[in-house]
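As stored in model_2.tsv (TSV, C-alpha atoms and all ligand atoms):
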```tsv
chain	number	residue	atom	x	y	z
F	19	MET	CA	-7.75	-18.61	-13.04
F	20	ALA	CA	-11.20	-17.08	-12.58
F	21	ALA	CA	-11.59	-13.52	-13.86
F	22	ALA	CA	-10.23	-11.31	-11.11
F	23	SER	CA	-12.48	-8.42	-10.27
F	24	SER	CA	-12.58	-8.48	-6.51
F	25	ALA	CA	-10.61	-6.96	-3.72
F	26	GLY	CA	-8.34	-10.03	-3.77
F	27	SER	CA	-6.78	-10.38	-0.32
F	28	TYR	CA	-8.10	-7.04	0.92
F	29	ASP	CA	-11.79	-7.14	1.73
F	30	PHE	CA	-12.21	-4.33	4.22
F	31	ASN	CA	-15.83	-5.24	5.01
F	32	ALA	CA	-14.94	-8.85	5.77
F	33	LEU	CA	-12.35	-7.66	8.31
F	34	GLY	CA	-15.15	-5.90	10.23
F	35	THR	CA	-15.09	-2.61	12.13
F	36	ALA	CA	-13.94	-4.33	15.35
F	37	SER	CA	-10.69	-5.34	13.62
F	38	GLY	CA	-9.27	-1.82	14.02
F	39	GLU	CA	-8.19	-2.01	10.37
F	40	LEU	CA	-9.35	1.52	9.49
F	41	ASP	CA	-7.20	2.91	12.33
F	42	ARG	CA	-4.25	0.77	11.20
F	43	LEU	CA	-4.56	1.97	7.60
F	44	GLN	CA	-4.68	5.57	8.72
F	45	LEU	CA	-1.79	5.13	11.15
F	46	GLN	CA	0.25	3.43	8.44
F	47	ALA	CA	-0.24	6.29	6.01
F	48	ARG	CA	0.05	9.13	8.55
F	49	ARG	CA	3.21	7.83	10.24
F	50	SER	CA	4.94	7.65	6.92
F	51	ALA	CA	3.66	11.01	5.62
F	52	GLU	CA	7.13	12.63	5.59
F	53	LEU	CA	8.63	9.64	3.83
F	54	GLU	CA	5.75	9.56	1.33
F	55	ARG	CA	6.25	13.23	0.52
F	56	SER	CA	9.91	12.71	-0.27
F	57	LEU	CA	9.31	9.47	-2.19
F	58	LEU	CA	6.64	11.08	-4.36
F	59	LEU	CA	8.99	13.96	-5.08
F	60	GLN	CA	11.81	11.52	-5.95
F	61	MET	CA	9.45	9.65	-8.28
F	62	GLY	CA	8.71	12.81	-10.21
F	63	LEU	CA	5.33	13.99	-8.90
F	64	GLN	CA	4.98	17.66	-9.81
F	65	ASP	CA	2.46	20.35	-9.07
F	66	GLY	CA	-0.06	21.00	-11.84
F	67	GLN	CA	-0.30	17.37	-12.91
F	68	ASP	CA	-3.38	15.20	-13.31
F	69	VAL	CA	-2.85	12.65	-10.53
F	70	LEU	CA	-4.67	9.43	-9.68
F	71	ASP	CA	-4.45	7.77	-6.27
F	72	LEU	CA	-5.29	4.19	-7.25
F	73	ALA	CA	-7.00	2.21	-4.47
F	74	CYS	CA	-6.94	5.22	-2.16
F	75	GLY	CA	-8.47	3.45	0.88
F	76	PRO	CA	-9.24	6.11	3.50
F	77	GLY	CA	-7.59	8.75	1.33
F	78	VAL	CA	-4.67	9.79	3.55
F	79	ILE	CA	-2.31	9.83	0.55
F	80	SER	CA	-4.87	11.54	-1.71
F	81	ARG	CA	-5.04	14.37	0.84
F	82	LEU	CA	-1.29	14.54	1.19
F	83	ILE	CA	-0.92	14.88	-2.60
F	84	ALA	CA	-3.67	17.53	-2.79
F	85	GLU	CA	-2.19	19.53	0.11
F	86	THR	CA	1.35	19.50	-1.23
F	87	HIS	CA	0.34	20.06	-4.89
F	88	PRO	CA	-2.34	22.75	-4.84
F	89	ALA	CA	-2.39	23.16	-8.63
F	90	SER	CA	-2.84	19.43	-9.30
F	91	ARG	CA	-6.14	17.78	-10.11
F	92	VAL	CA	-6.37	14.79	-7.78
F	93	THR	CA	-8.67	11.84	-8.47
F	94	ALA	CA	-8.90	8.86	-6.14
F	95	ILE	CA	-10.61	5.54	-6.72
F	96	ASP	CA	-11.25	2.51	-4.56
F	97	LEU	CA	-13.46	-0.55	-4.73
F	98	ASN	CA	-14.73	-0.16	-1.19
F	99	GLY	CA	-17.60	2.25	-0.55
F	100	ASP	CA	-17.08	2.47	3.23
F	101	LEU	CA	-13.43	3.45	2.84
F	102	LEU	CA	-14.45	6.02	0.22
F	103	ASP	CA	-17.04	7.49	2.63
F	104	ALA	CA	-14.31	7.85	5.26
F	105	ALA	CA	-12.00	9.40	2.64
F	106	ARG	CA	-14.66	11.91	1.50
F	107	GLN	CA	-15.47	12.94	5.08
F	108	GLU	CA	-11.83	13.50	6.01
F	109	ALA	CA	-11.15	15.42	2.81
F	110	ALA	CA	-14.16	17.68	3.45
F	111	ALA	CA	-13.03	18.23	7.06
F	112	ALA	CA	-9.60	19.26	5.75
F	113	GLY	CA	-11.18	21.63	3.20
F	114	LEU	CA	-9.97	19.50	0.28
F	115	GLU	CA	-13.24	19.19	-1.63
F	116	ARG	CA	-11.34	19.40	-4.92
F	117	ILE	CA	-10.28	15.73	-4.66
F	118	THR	CA	-12.64	13.62	-6.79
F	119	PHE	CA	-13.38	10.28	-5.10
F	120	LEU	CA	-14.92	7.55	-7.24
F	121	GLN	CA	-15.87	3.97	-6.60
F	122	GLY	CA	-14.24	1.69	-9.12
F	123	ASP	CA	-12.34	-1.48	-9.81
F	124	VAL	CA	-8.70	-1.35	-10.88
F	125	TYR	CA	-9.44	-4.02	-13.50
F	126	ALA	CA	-12.02	-1.77	-15.20
F	127	PRO	CA	-11.42	1.74	-13.89
F	128	PRO	CA	-14.34	4.11	-14.51
F	129	LEU	CA	-12.02	6.80	-15.87
F	130	GLU	CA	-11.29	8.41	-19.19
F	131	PRO	CA	-8.32	6.77	-20.99
F	132	GLY	CA	-5.13	8.75	-21.51
F	133	ARG	CA	-5.93	11.31	-18.83
F	134	PHE	CA	-3.28	11.09	-16.11
F	135	ASP	CA	0.30	12.34	-15.80
F	136	PHE	CA	1.00	10.41	-12.61
F	137	ILE	CA	-0.68	7.41	-10.97
F	138	TYR	CA	0.28	6.21	-7.51
F	139	ALA	CA	-0.71	2.75	-6.23
F	140	ARG	CA	0.21	2.29	-2.60
F	141	LEU	CA	-0.14	-1.13	-1.00
F	142	LEU	CA	-2.60	-2.34	-3.63
F	143	PHE	CA	-0.66	-4.83	-5.75
F	144	GLN	CA	0.09	-7.28	-2.90
F	145	HIS	CA	-3.69	-7.88	-2.75
F	146	LEU	CA	-4.46	-8.44	-6.42
F	147	GLU	CA	-5.18	-11.85	-7.88
F	148	ASP	CA	-4.19	-10.78	-11.39
F	149	PRO	CA	-1.66	-7.92	-11.13
F	150	LEU	CA	-0.71	-8.12	-14.82
F	151	ARG	CA	-4.29	-7.58	-15.96
F	152	ALA	CA	-4.58	-4.66	-13.52
F	153	LEU	CA	-1.39	-3.10	-14.91
F	154	GLN	CA	-2.65	-3.42	-18.47
F	155	ALA	CA	-5.88	-1.65	-17.49
F	156	VAL	CA	-4.02	1.09	-15.62
F	157	ARG	CA	-1.52	1.75	-18.43
F	158	GLY	CA	-4.37	2.95	-20.63
F	159	LEU	CA	-5.23	5.68	-18.11
F	160	LEU	CA	-1.86	7.40	-18.55
F	161	LYS	CA	-1.04	10.10	-21.06
F	162	PRO	CA	1.87	9.12	-23.34
F	163	GLY	CA	4.94	9.67	-21.14
F	164	GLY	CA	2.80	9.52	-17.99
F	165	LYS	CA	4.14	7.54	-15.04
F	166	LEU	CA	2.79	4.80	-12.78
F	167	CYS	CA	4.48	4.43	-9.39
F	168	ILE	CA	3.80	1.45	-7.19
F	169	MET	CA	4.73	1.26	-3.55
F	170	ASP	CA	4.46	-2.18	-2.03
F	171	ILE	CA	6.10	-4.72	0.24
F	172	ASP	CA	7.98	-7.99	0.15
F	173	ASP	CA	8.07	-9.92	3.42
F	174	ALA	CA	11.62	-11.14	2.80
F	175	TRP	CA	12.65	-7.52	3.52
F	176	LEU	CA	11.09	-7.49	7.02
F	177	SER	CA	13.45	-7.96	9.98
F	178	LEU	CA	13.13	-7.64	13.73
F	179	VAL	CA	16.42	-7.45	15.63
F	180	PRO	CA	16.63	-9.45	17.85
F	181	GLU	CA	14.35	-11.80	15.92
F	182	PRO	CA	11.65	-13.42	18.08
F	183	GLU	CA	11.63	-17.21	17.96
F	184	GLY	CA	9.21	-18.45	15.30
F	185	PHE	CA	9.08	-15.09	13.50
F	186	ARG	CA	9.74	-16.58	10.04
F	187	SER	CA	7.10	-19.29	10.60
F	188	PHE	CA	4.64	-16.54	11.55
F	189	THR	CA	5.35	-14.41	8.46
F	190	GLU	CA	5.21	-17.49	6.23
F	191	ALA	CA	1.86	-18.57	7.71
F	192	ALA	CA	0.51	-15.04	7.08
F	193	ALA	CA	1.87	-15.12	3.51
F	194	ARG	CA	0.15	-18.46	2.88
F	195	ALA	CA	-3.12	-17.12	4.31
F	196	GLN	CA	-2.92	-14.03	2.07
F	197	ALA	CA	-2.10	-16.20	-0.96
F	198	ARG	CA	-5.21	-18.31	-0.28
F	199	GLN	CA	-7.21	-15.10	-0.73
F	200	GLY	CA	-5.45	-14.24	-3.98
F	201	GLY	CA	-2.73	-11.93	-2.61
F	202	ASN	CA	1.06	-12.08	-2.69
F	203	ARG	CA	3.25	-10.91	0.21
F	204	HIS	CA	6.32	-11.20	-2.03
F	205	ILE	CA	4.96	-8.93	-4.75
F	206	GLY	CA	7.85	-6.44	-4.37
F	207	ARG	CA	10.40	-8.59	-6.22
F	208	GLU	CA	7.93	-9.19	-9.07
F	209	LEU	CA	6.90	-5.60	-9.78
F	210	GLY	CA	9.66	-4.77	-12.28
F	211	GLY	CA	8.96	-7.85	-14.42
F	212	LEU	CA	5.21	-7.27	-14.27
F	213	LEU	CA	5.58	-3.64	-15.41
F	214	GLU	CA	7.72	-4.77	-18.35
F	215	ALA	CA	5.28	-7.55	-19.25
F	216	ALA	CA	2.42	-5.03	-19.22
F	217	GLY	CA	4.25	-2.90	-21.79
F	218	PHE	CA	5.58	-0.07	-19.60
F	219	GLY	CA	8.84	1.63	-20.56
F	220	ASP	CA	11.61	3.14	-18.36
F	221	VAL	CA	10.91	0.55	-15.70
F	222	ALA	CA	12.82	1.15	-12.47
F	223	VAL	CA	12.71	-0.53	-9.07
F	224	HIS	CA	14.36	0.43	-5.84
F	225	VAL	CA	13.98	-0.51	-2.21
F	226	GLU	CA	13.78	2.10	0.53
F	227	THR	CA	14.47	0.92	4.07
F	228	VAL	CA	12.17	2.13	6.82
F	229	SER	CA	13.22	1.47	10.40
F	230	SER	CA	11.67	1.41	13.84
F	231	ARG	CA	13.73	4.51	14.67
F	232	GLN	CA	11.77	6.44	12.03
F	233	LEU	CA	8.30	5.19	12.98
F	234	GLY	CA	8.75	4.26	16.64
F	235	MET	CA	8.79	0.54	17.55
F	236	ARG	CA	5.12	0.43	18.62
F	237	ALA	CA	3.89	1.97	15.36
F	238	PHE	CA	6.35	-0.14	13.34
F	239	LEU	CA	4.95	-3.37	14.83
F	240	ASP	CA	1.32	-2.27	14.51
F	241	ILE	CA	1.85	-1.33	10.87
F	242	THR	CA	3.89	-4.33	9.75
F	243	LEU	CA	2.34	-7.10	11.86
F	244	GLY	CA	-1.25	-5.87	12.32
F	245	PHE	CA	-2.62	-7.09	8.99
F	246	LYS	CA	-0.75	-10.40	9.32
F	247	ARG	CA	-2.44	-11.01	12.69
F	248	LEU	CA	-5.82	-10.44	11.03
F	249	LEU	CA	-5.01	-12.98	8.31
F	250	LEU	CA	-4.44	-15.79	10.81
F	251	SER	CA	-7.03	-17.61	12.86
F	252	GLY	CA	-7.45	-20.77	14.92
F	253	ALA	CA	-4.40	-23.00	15.35
F	254	GLU	CA	-2.16	-20.78	13.20
F	255	LEU	CA	-2.88	-17.74	15.38
F	256	GLU	CA	-2.43	-19.78	18.56
F	257	ALA	CA	0.92	-21.06	17.29
F	258	ALA	CA	2.02	-17.47	16.74
F	259	ALA	CA	1.00	-16.21	20.22
F	260	GLY	CA	4.48	-16.57	21.78
F	261	THR	CA	6.19	-14.98	18.77
F	262	LEU	CA	3.78	-12.04	18.80
F	263	ALA	CA	4.28	-11.53	22.55
F	264	ALA	CA	8.07	-11.54	22.02
F	265	ALA	CA	7.66	-9.04	19.17
F	266	ASP	CA	5.54	-6.78	21.41
F	267	ALA	CA	8.23	-6.95	24.09
F	268	LEU	CA	10.66	-5.22	21.68
F	269	VAL	CA	8.79	-2.00	22.46
F	270	ASP	CA	10.49	-2.03	25.89
F	271	ASP	CA	13.93	-2.93	24.56
F	272	PRO	CA	15.82	0.28	23.75
F	273	GLN	CA	18.44	-1.66	21.80
F	274	ALA	CA	15.98	-3.40	19.49
F	275	TRP	CA	15.65	-2.37	15.85
F	276	ALA	CA	13.26	-3.32	13.09
F	277	PHE	CA	13.47	-2.76	9.36
F	278	VAL	CA	11.18	-3.13	6.41
F	279	GLY	CA	12.08	-2.74	2.75
F	280	VAL	CA	9.53	-0.70	0.85
F	281	PHE	CA	9.58	-1.44	-2.88
F	282	LEU	CA	9.12	1.45	-5.28
F	283	ALA	CA	8.55	0.43	-8.85
F	284	SER	CA	7.75	2.76	-11.70
F	285	GLY	CA	7.15	2.65	-15.42
F	286	CYS	CA	6.02	5.04	-18.11
F	287	ARG	CA	3.50	4.75	-20.89
F	288	VAL	CA	5.63	4.90	-24.01
W	301	LIG	C1	-4.03	-1.89	2.11
W	301	LIG	S1	-5.27	-0.88	1.43
W	301	LIG	C2	-4.29	0.52	0.89
W	301	LIG	C3	-5.08	1.80	0.83
W	301	LIG	C4	-4.28	3.06	0.48
W	301	LIG	N1	-3.66	2.98	-0.83
W	301	LIG	C5	-3.23	3.34	1.52
W	301	LIG	O1	-2.04	3.20	1.22
W	301	LIG	O2	-3.60	3.70	2.65
W	301	LIG	C6	-5.69	-1.67	-0.09
W	301	LIG	C7	-6.83	-0.97	-0.83
W	301	LIG	O3	-7.02	-1.57	-2.11
W	301	LIG	C8	-8.41	-1.54	-2.40
W	301	LIG	N2	-8.67	-2.52	-3.47
W	301	LIG	C9	-8.46	-3.86	-3.43
W	301	LIG	N3	-8.78	-4.41	-4.61
W	301	LIG	C10	-9.18	-3.40	-5.41
W	301	LIG	C11	-9.65	-3.35	-6.75
W	301	LIG	N4	-9.78	-4.46	-7.47
W	301	LIG	N5	-9.95	-2.14	-7.29
W	301	LIG	C12	-9.84	-1.00	-6.53
W	301	LIG	N6	-9.42	-1.01	-5.25
W	301	LIG	C13	-9.10	-2.19	-4.69
W	301	LIG	C14	-9.05	-1.87	-1.06
W	301	LIG	O4	-10.41	-1.55	-1.01
W	301	LIG	C15	-8.18	-1.04	-0.12
W	301	LIG	O5	-8.68	0.25	0.04
```

When written as structure tokens, how does the structure in this file appear?
Ligand SMILES: C[S@@+](CC[C@H](N)C(=O)[O-])C[C@H]1O[C@@H](n2cnc3c(N)ncnc32)[C@H](O)[C@@H]1O
Amino acid sequence: MAAASSAGSYDFNALGTASGELDRLQLQARRSAELERSLLLQMGLQDGQDVLDLACGPGVISRLIAETHPASRVTAIDLNGDLLDAARQEAAAAGLERITFLQGDVYAPPLEPGRFDFIYARLLFQHLEDPLRALQAVRGLLKPGGKLCIMDIDDAWLSLVPEPEGFRSFTEAAARAQARQGGNRHIGRELGGLLEAAGFGDVAVHVETVSSRQLGMRAFLDITLGFKRLLLSGAELEAAAGTLAAADALVDDPQAWAFVGVFLASGCRV
């Protein structure tokens, strides 16, 4: 495999501003703010720690961490300069200038080794071509005993009830399209093994279910299907048109439910 140093299956600039992807990213993080707060607490994030938001995107989670942990030093890195500009602007508007935003690649992070108590990587690993190499690089950023927490997805844990005809073909086509760009929509099930292979200790994995009742069906569909739609084009997108219309119709069905399993994997630097 070629040396991985790119954004893998997440090239924000290639998606283009008309894609609405910045809005989707922000919606995705804002709608789940309450859940994020409780997950971070469960995973051991404490005030006063040195925290890194790895691949922070527009910085919604960096701000949430800084707001809820006023004594913590929060650093946030991302490969994409435009997303970092958006993150810096929003942080300044919220009076959170103490977050340090840096441009950098997860494979060679521009950060001092052994510096962090807690690193959070949300929705990054599904996009990486070489997740093991990324984990090895990130492990060195932790203090001994410091913890890496990864939040990511696995499409096998995504269900719409009732399920629109062709839904599995649609998710599989999106997974193939993401894999062609170096990503992996089934990364969730692999995270525990990858953390162990990268030399982390105390590895734990659990799956948290998020439903359409928590997010609202419209937001649930926008968050979980929006990026998949962007991955498809031409005949594959045309083939999915009926399925996507049936999924959208669930918004008007008060009896419909939808679920997604969010994987939380953690490991410590021993
Ligand atoms: C789906 S977004 C998630 C953003 C943010 N963590 C969130 O949850 O809102 C994936 C992010 O990973 C970043 N990214 C992808 N490859 C990267 C790499 N090699 N190094 C650093 N960031 C990377 C992208 O620029 C993008 O901001």

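Comparing F:Phe136, F:Phe245, F:Trp275, F:Phe143 by their smallest distance to Leu212 (chain F), the closest is F:Phe143 (using only C-alpha atoms).
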
Can I get the residues close to ligand LIG 301 (chain W) as an mmCIF file with C-alpha atoms, in the coordinates of the input, where close means within 6 Å and we count only C-alpha atoms and all ligand atoms?
```cif
data_model
loop_
_atom_site.group_PDB
_atom_site.id
_atom_site.type_symbol
_atom_site.label_atom_id
_atom_site.label_comp_id
_atom_site.auth_asym_id
_atom_site.auth_seq_id
_atom_site.Cartn_x
_atom_site.Cartn_y
_atom_site.Cartn_z
ATOM 1 C CA SER F 23 -12.480 -8.420 -10.270
ATOM 2 C CA SER F 24 -12.580 -8.480 -6.510
ATOM 3 C CA ALA F 25 -10.610 -6.960 -3.720
ATOM 4 C CA GLY F 26 -8.340 -10.030 -3.770
ATOM 5 C CA TYR F 28 -8.100 -7.040 0.920
ATOM 6 C CA LEU F 43 -4.560 1.970 7.600
ATOM 7 C CA ALA F 47 -0.240 6.290 6.010
ATOM 8 C CA ALA F 73 -7.000 2.210 -4.470
ATOM 9 C CA CYS F 74 -6.940 5.220 -2.160
ATOM 10 C CA GLY F 75 -8.470 3.450 0.880
ATOM 11 C CA ASP F 96 -11.250 2.510 -4.560
ATOM 12 C CA LEU F 97 -13.460 -0.550 -4.730
ATOM 13 C CA ASN F 98 -14.730 -0.160 -1.190
ATOM 14 C CA GLY F 122 -14.240 1.690 -9.120
ATOM 15 C CA ASP F 123 -12.340 -1.480 -9.810
ATOM 16 C CA VAL F 124 -8.700 -1.350 -10.880
ATOM 17 C CA ARG F 140 0.210 2.290 -2.600
ATOM 18 C CA LEU F 141 -0.140 -1.130 -1.000
ATOM 19 C CA LEU F 142 -2.600 -2.340 -3.630
#
```

Open item on the list: Restricting the calculation to all atoms listed in the file: of F:Arg287, F:Arg198, F:Arg207, F:Lys161, which residue gets closest to Val221 (chain F)?
Closed with: F:Arg287

Task: Residue nearest Ala263 (chain F) among F:Glu183, F:Glu52, F:Glu108, F:Asp173 (counting all atoms listed in the file) - done: F:Glu183

Determine, counting all atoms listed in the file, which protein, DNA and RNA residues have an atom within 6 Å of an atom of Phe277 (chain F); residues of the same chain fewer than 4 positions away are not included. Present the result as a compact mmCIF listing (two decimals) with C-alpha atoms, in the frame of the given file.
```
# COMPACT_ATOMS: atom_id res chain seq x y z
CA LEU F 176 11.09 -7.49 7.02
CA SER F 177 13.45 -7.96 9.98
CA VAL F 228 12.17 2.13 6.82
CA SER F 229 13.22 1.47 10.40
```

Near Ala155 (chain F), within 9 Å and counting all atoms listed in the file, which residues show up once chain neighbours fewer than 2 positions away are dropped, as a PDB file with C-alpha atoms, keeping the file's coordinate frame?
```
ATOM      1  CA  VAL F 124      -8.700  -1.350 -10.880  1.00  0.00           C
ATOM      2  CA  TYR F 125      -9.440  -4.020 -13.500  1.00  0.00           C
ATOM      3  CA  ALA F 126     -12.020  -1.770 -15.200  1.00  0.00           C
ATOM      4  CA  PRO F 127     -11.420   1.740 -13.890  1.00  0.00           C
ATOM      5  CA  LEU F 150      -0.710  -8.120 -14.820  1.00  0.00           C
ATOM      6  CA  ARG F 151      -4.290  -7.580 -15.960  1.00  0.00           C
ATOM      7  CA  ALA F 152      -4.580  -4.660 -13.520  1.00  0.00           C
ATOM      8  CA  LEU F 153      -1.390  -3.100 -14.910  1.00  0.00           C
ATOM      9  CA  ARG F 157      -1.520   1.750 -18.430  1.00  0.00           C
ATOM     10  CA  GLY F 158      -4.370   2.950 -20.630  1.00  0.00           C
ATOM     11  CA  LEU F 159      -5.230   5.680 -18.110  1.00  0.00           C
TER      12      LEU F 159
END
```

Open item on the list: Would you pick out the contacts of Ala94 (chain F) at 8 Å or less, using only C-alpha atoms, so that residues sharing its chain but fewer than 2 positions from it are not included, and give the list as a list in words?
Closed with: Leu70, Asp71, Leu72, Ala73, Cys74, Gly77, Ser80, Val92, Asp96, Ile117, Thr118, Phe119 and Leu120 of chain F

Open item on the list: Need the shell around Thr86 (chain F): protein/DNA/RNA residues with any atom at most 9 Å away, counting only C-alpha atoms. Skip same-chain ones fewer than 5 positions apart. Format as number ranges by chain?
Closed with: F: 55, 65, 81

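Distances here use all atoms listed in the file; by that measure, the residue among F:Val156, F:Ile171, F:Leu102, F:Ala139 closest to Ala216 (chain F) is F:Val156.
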